[in-house]
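Q: Contents of my_file_25.cif (mmCIF, C-alpha atoms) are below:
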```
data_data
#
loop_
_atom_site.group_PDB
_atom_site.id
_atom_site.type_symbol
_atom_site.label_atom_id
_atom_site.label_comp_id
_atom_site.auth_asym_id
_atom_site.auth_seq_id
_atom_site.Cartn_x
_atom_site.Cartn_y
_atom_site.Cartn_z
ATOM 1 C CA MET D 1 -0.670 -30.304 -25.810
ATOM 2 C CA SER D 2 -0.421 -33.044 -23.222
ATOM 3 C CA SER D 3 -2.406 -32.842 -20.004
ATOM 4 C CA ASP D 4 0.735 -32.372 -17.922
ATOM 5 C CA GLN D 5 1.371 -28.961 -19.458
ATOM 6 C CA PRO D 6 0.725 -25.889 -17.257
ATOM 7 C CA GLU D 7 -1.927 -24.608 -19.684
ATOM 8 C CA SER D 8 -4.107 -27.625 -18.904
ATOM 9 C CA PHE D 9 -4.103 -26.564 -15.242
ATOM 10 C CA SER D 10 -6.488 -23.638 -15.832
ATOM 11 C CA PRO D 11 -9.716 -25.610 -15.290
ATOM 12 C CA LEU D 12 -8.261 -27.147 -12.114
ATOM 13 C CA LEU D 13 -7.177 -23.738 -10.827
ATOM 14 C CA ILE D 14 -10.650 -22.352 -11.554
ATOM 15 C CA GLN D 15 -12.286 -25.271 -9.745
ATOM 16 C CA HIS D 16 -10.210 -24.489 -6.658
ATOM 17 C CA ILE D 17 -10.720 -20.717 -6.918
ATOM 18 C CA LEU D 18 -14.464 -21.404 -6.847
ATOM 19 C CA GLY D 19 -13.955 -23.365 -3.628
ATOM 20 C CA GLY D 20 -15.955 -26.120 -2.063
ATOM 21 C CA ASN D 21 -13.327 -28.849 -2.301
ATOM 22 C CA ALA D 22 -11.460 -28.365 0.962
ATOM 23 C CA PHE D 23 -13.639 -25.691 2.540
ATOM 24 C CA VAL D 24 -17.174 -24.338 2.496
ATOM 25 C CA LYS D 25 -17.960 -22.222 -0.548
ATOM 26 C CA ILE D 26 -18.071 -18.532 0.191
ATOM 27 C CA GLU D 27 -21.581 -18.330 -1.311
ATOM 28 C CA GLU D 28 -22.848 -20.623 1.443
ATOM 29 C CA ILE D 29 -21.185 -18.567 4.162
ATOM 30 C CA LEU D 30 -22.562 -15.293 2.768
ATOM 31 C CA SER D 31 -26.076 -16.747 2.614
ATOM 32 C CA LYS D 32 -26.012 -17.277 6.394
ATOM 33 C CA ILE D 33 -24.860 -13.840 7.565
ATOM 34 C CA LYS D 34 -27.433 -11.209 8.513
ATOM 35 C CA PHE D 35 -26.878 -7.588 7.528
ATOM 36 C CA LYS D 36 -27.092 -6.458 11.160
ATOM 37 C CA GLU D 37 -24.202 -8.820 12.035
ATOM 38 C CA LEU D 38 -21.752 -7.593 9.391
ATOM 39 C CA GLY D 39 -20.109 -4.957 11.590
ATOM 40 C CA LEU D 40 -19.839 -6.911 14.836
ATOM 41 C CA LYS D 41 -16.357 -7.571 16.209
ATOM 42 C CA PHE D 42 -15.259 -10.161 18.726
ATOM 43 C CA SER D 43 -12.606 -9.817 21.384
ATOM 44 C CA GLY D 44 -9.265 -10.811 19.921
ATOM 45 C CA LEU D 45 -10.392 -10.365 16.321
ATOM 46 C CA PRO D 46 -9.473 -7.001 14.812
ATOM 47 C CA TYR D 47 -11.896 -7.160 11.871
ATOM 48 C CA SER D 48 -15.619 -7.498 11.330
ATOM 49 C CA PHE D 49 -17.128 -9.939 8.833
ATOM 50 C CA TRP D 50 -17.696 -7.003 6.471
ATOM 51 C CA GLN D 51 -14.093 -5.809 6.698
ATOM 52 C CA VAL D 52 -12.708 -9.258 5.908
ATOM 53 C CA PHE D 53 -15.013 -9.727 2.917
ATOM 54 C CA GLU D 54 -14.385 -6.209 1.618
ATOM 55 C CA HIS D 55 -10.639 -6.842 1.948
ATOM 56 C CA MET D 56 -11.083 -10.023 -0.098
ATOM 57 C CA ARG D 57 -12.956 -8.069 -2.777
ATOM 58 C CA ILE D 58 -10.305 -5.331 -2.929
ATOM 59 C CA ALA D 59 -7.377 -7.778 -3.054
ATOM 60 C CA GLN D 60 -9.036 -9.951 -5.701
ATOM 61 C CA LYS D 61 -9.805 -6.877 -7.847
ATOM 62 C CA ASP D 62 -6.196 -5.768 -7.433
ATOM 63 C CA ILE D 63 -4.914 -9.145 -8.651
ATOM 64 C CA LEU D 64 -7.377 -9.084 -11.569
ATOM 65 C CA GLU D 65 -6.264 -5.597 -12.578
ATOM 66 C CA PHE D 66 -2.589 -6.516 -12.281
ATOM 67 C CA SER D 67 -3.128 -9.646 -14.387
ATOM 68 C CA THR D 68 -5.103 -7.957 -17.152
ATOM 69 C CA SER D 69 -3.646 -4.463 -17.487
ATOM 70 C CA SER D 70 -0.157 -3.193 -18.185
ATOM 71 C CA ASN D 71 -1.451 0.144 -16.811
ATOM 72 C CA TYR D 72 -1.873 -1.373 -13.343
ATOM 73 C CA LYS D 73 -1.365 1.031 -10.443
ATOM 74 C CA GLU D 74 -0.205 -0.576 -7.216
ATOM 75 C CA LEU D 75 -2.336 0.039 -4.132
ATOM 76 C CA SER D 76 -0.815 1.298 -0.911
ATOM 77 C CA TRP D 77 -0.478 -1.408 1.751
ATOM 78 C CA PRO D 78 -2.349 -1.713 4.054
ATOM 79 C CA GLU D 79 -4.436 1.466 3.773
ATOM 80 C CA GLU D 80 -6.012 0.753 0.398
ATOM 81 C CA TYR D 81 -6.559 -2.955 1.048
ATOM 82 C CA TRP D 82 -8.624 -2.724 4.227
ATOM 83 C CA PRO D 83 -11.830 -0.737 4.790
ATOM 84 C CA THR D 84 -11.877 1.580 7.791
ATOM 85 C CA ASN D 85 -15.627 1.330 8.353
ATOM 86 C CA ASP D 86 -16.875 -1.718 10.273
ATOM 87 C CA LEU D 87 -19.871 -2.338 8.016
ATOM 88 C CA PRO D 88 -21.233 -1.401 4.590
ATOM 89 C CA ASP D 89 -23.148 1.846 4.203
ATOM 90 C CA SER D 90 -26.446 0.120 3.403
ATOM 91 C CA PRO D 91 -27.962 -3.245 2.451
ATOM 92 C CA GLU D 92 -27.619 -2.165 -1.196
ATOM 93 C CA HIS D 93 -23.910 -1.504 -0.675
ATOM 94 C CA TRP D 94 -23.565 -5.008 0.786
ATOM 95 C CA ILE D 95 -25.369 -6.554 -2.198
ATOM 96 C CA ASN D 96 -23.191 -4.600 -4.637
ATOM 97 C CA THR D 97 -20.020 -5.617 -2.803
ATOM 98 C CA GLN D 98 -20.954 -9.275 -3.155
ATOM 99 C CA LYS D 99 -21.832 -8.786 -6.817
ATOM 100 C CA ASP D 100 -18.500 -7.059 -7.473
ATOM 101 C CA PHE D 101 -16.590 -9.887 -5.755
ATOM 102 C CA PHE D 102 -18.275 -12.585 -7.835
ATOM 103 C CA ASP D 103 -18.080 -10.574 -11.070
ATOM 104 C CA ASP D 104 -14.348 -10.027 -10.585
ATOM 105 C CA ARG D 105 -13.834 -13.696 -9.756
ATOM 106 C CA GLU D 106 -15.657 -14.633 -12.949
ATOM 107 C CA LYS D 107 -13.571 -12.155 -14.985
ATOM 108 C CA PHE D 108 -10.351 -13.559 -13.582
ATOM 109 C CA ASN D 109 -11.444 -17.144 -14.250
ATOM 110 C CA ALA D 110 -12.454 -16.261 -17.826
ATOM 111 C CA PHE D 111 -9.089 -14.573 -18.360
ATOM 112 C CA LEU D 112 -7.337 -17.626 -16.922
ATOM 113 C CA LEU D 113 -9.283 -19.985 -19.167
ATOM 114 C CA ASN D 114 -8.873 -17.888 -22.323
ATOM 115 C CA ASN D 115 -5.229 -16.995 -21.787
ATOM 116 C CA THR D 116 -3.197 -17.693 -24.934
ATOM 117 C CA LYS D 117 0.241 -17.585 -23.302
ATOM 118 C CA SER D 118 1.808 -20.092 -20.989
ATOM 119 C CA LEU D 119 0.637 -19.796 -17.403
ATOM 120 C CA LEU D 120 4.332 -19.676 -16.525
ATOM 121 C CA HIS D 121 5.194 -16.861 -18.960
ATOM 122 C CA PRO D 122 6.103 -13.729 -16.963
ATOM 123 C CA PHE D 123 3.960 -10.671 -17.587
ATOM 124 C CA PRO D 124 5.837 -8.065 -19.665
ATOM 125 C CA TYR D 125 5.431 -5.717 -16.684
ATOM 126 C CA GLY D 126 5.893 -6.365 -12.970
ATOM 127 C CA THR D 127 8.810 -8.205 -11.440
ATOM 128 C CA GLY D 128 8.478 -11.662 -12.974
ATOM 129 C CA GLN D 129 4.946 -12.559 -11.878
ATOM 130 C CA THR D 130 3.076 -15.136 -13.941
ATOM 131 C CA LEU D 131 -0.617 -15.836 -14.399
ATOM 132 C CA PHE D 132 -0.115 -19.135 -12.566
ATOM 133 C CA ARG D 133 1.280 -17.266 -9.566
ATOM 134 C CA GLU D 134 -1.623 -14.773 -9.609
ATOM 135 C CA ALA D 135 -4.182 -17.598 -9.777
ATOM 136 C CA LEU D 136 -2.531 -19.289 -6.809
ATOM 137 C CA LEU D 137 -2.503 -15.964 -4.976
ATOM 138 C CA ILE D 138 -6.281 -15.526 -5.430
ATOM 139 C CA LEU D 139 -6.873 -19.138 -4.432
ATOM 140 C CA GLU D 140 -4.697 -18.935 -1.322
ATOM 141 C CA HIS D 141 -5.814 -15.480 -0.227
ATOM 142 C CA ASN D 142 -9.512 -16.178 -0.638
ATOM 143 C CA ALA D 143 -9.231 -19.585 1.053
ATOM 144 C CA TYR D 144 -7.435 -18.048 4.033
ATOM 145 C CA HIS D 145 -10.025 -15.315 4.500
ATOM 146 C CA THR D 146 -12.957 -17.639 3.771
ATOM 147 C CA GLY D 147 -11.807 -19.582 6.820
ATOM 148 C CA GLN D 148 -11.852 -16.375 8.843
ATOM 149 C CA LEU D 149 -15.383 -15.610 7.666
ATOM 150 C CA MET D 150 -16.463 -19.100 8.691
ATOM 151 C CA ILE D 151 -14.992 -18.622 12.157
ATOM 152 C CA ILE D 152 -16.758 -15.270 12.565
ATOM 153 C CA LEU D 153 -20.017 -16.833 11.382
ATOM 154 C CA ARG D 154 -19.659 -19.653 13.896
ATOM 155 C CA MET D 155 -18.995 -17.150 16.674
ATOM 156 C CA LEU D 156 -22.114 -15.220 15.672
ATOM 157 C CA GLU D 157 -24.185 -18.408 15.609
ATOM 158 C CA ALA D 158 -22.878 -19.389 19.054
ATOM 159 C CA GLU D 159 -24.034 -16.047 20.471
ATOM 160 C CA SER D 160 -27.583 -16.330 19.149
#
```
Rewrite the coordinates I just gave you, this time as structure tokens.
A:
Amino acid sequence: MSSDQPESFSPLLIQHILGGNAFVKIEEILSKIKFKELGLKFSGLPYSFWQVFEHMRIAQKDILEFSTSSNYKELSWPEEYWPTNDLPDSPEHWINTQKDFFDDREKFNAFLLNNTKSLLHPFPYGTGQTLFREALLILEHNAYHTGQLMIILRMLEAES
């Protein structure tokens, strides 16, 4: 297989899903936020840091489940994609949320790397989606919201 084939794109997609090329890695952003700041909201921003990150976790899990299971059940938009509480229930909940996000990201990346079909082969279920499209969706969605988290973090730092 030549390197210009879509299958050879998996490592590149994974590199970009992990971040750090065009934007700060999410791990770095998360290391700077304090638990007591997770639920704070700023004027003009409808979501707290926690709500944005939890939304990222939910959406990423949804994409993982769609990509890996023909028994996928679609979530209701927007109710099931956004948390209603402004902050996690406890520090342990926050730690587990982060762990779940990174575990699901790793599962998706492993699935992407070990996929035996063409990245452009439509799933036998869905409406024509491909693994390439789902990888781009995770990359784009997480990059977009990582930028939001960075803005919230900067606003928090400016207030302290």
Q: Please identify all polymer residues within 12 Å of Lys117 of chain D, counting all atoms listed in the file, omitting same-chain residues fewer than 3 positions from it, and present them as JSON, numbers by chain.
A: {"D": [6, 7, 8, 10, 111, 112, 113, 114, 120, 121, 122, 123, 124, 130, 131, 132]}
Q: Could you tell me which residues the PyMOL selection byres ((chain D and resi 13) around 10) grabs in this file, written as a VMD selection string?
A: chain D and resid 8 to 12 14 to 19 109 112 to 113 132 135 to 136 138 to 139
Q: Is it possible to get the axis-aligned box enclosing segment 31-47 of chain D (all listed atoms, 8 Å extra per side) as AutoDock Vina command-line options, with centre and edge lengths in Å rounded to one decimal?
A:
```
--center_x -18.3 --center_y -11.1 --center_z 12.0 --size_x 34.2 --size_y 28.3 --size_z 34.8
```
Q: Using the chain letters and residue numbers of this document, give as a short mmCIF file (atom, residue, chain, number, x, y, z; two decimals) with C-alpha atoms, in the coordinates of the input the residues selected by the PyMOL selection byres ((chain D and resi 102) around 12).
A:
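This is the output file selection.cif:
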```cif
data_model
loop_
_atom_site.label_atom_id
_atom_site.label_comp_id
_atom_site.auth_asym_id
_atom_site.auth_seq_id
_atom_site.Cartn_x
_atom_site.Cartn_y
_atom_site.Cartn_z
CA ILE D 17 -10.72 -20.72 -6.92
CA LEU D 18 -14.46 -21.40 -6.85
CA ILE D 26 -18.07 -18.53 0.19
CA GLU D 27 -21.58 -18.33 -1.31
CA LEU D 30 -22.56 -15.29 2.77
CA PHE D 53 -15.01 -9.73 2.92
CA MET D 56 -11.08 -10.02 -0.10
CA ARG D 57 -12.96 -8.07 -2.78
CA ILE D 58 -10.30 -5.33 -2.93
CA GLN D 60 -9.04 -9.95 -5.70
CA LYS D 61 -9.80 -6.88 -7.85
CA ILE D 95 -25.37 -6.55 -2.20
CA ASN D 96 -23.19 -4.60 -4.64
CA THR D 97 -20.02 -5.62 -2.80
CA GLN D 98 -20.95 -9.28 -3.16
CA LYS D 99 -21.83 -8.79 -6.82
CA ASP D 100 -18.50 -7.06 -7.47
CA PHE D 101 -16.59 -9.89 -5.76
CA ASP D 103 -18.08 -10.57 -11.07
CA ASP D 104 -14.35 -10.03 -10.58
CA ARG D 105 -13.83 -13.70 -9.76
CA GLU D 106 -15.66 -14.63 -12.95
CA LYS D 107 -13.57 -12.16 -14.98
CA PHE D 108 -10.35 -13.56 -13.58
CA ASN D 109 -11.44 -17.14 -14.25
CA ASN D 142 -9.51 -16.18 -0.64
#
```
Q: Tell me, in Å to one decimal, how far atom CA of Lys32 of chain D is from atom CA of Trp50 of chain D.
A: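 Separation between atom CA of Lys32 of chain D and atom CA of Trp50 of chain D: 13.2 Å.
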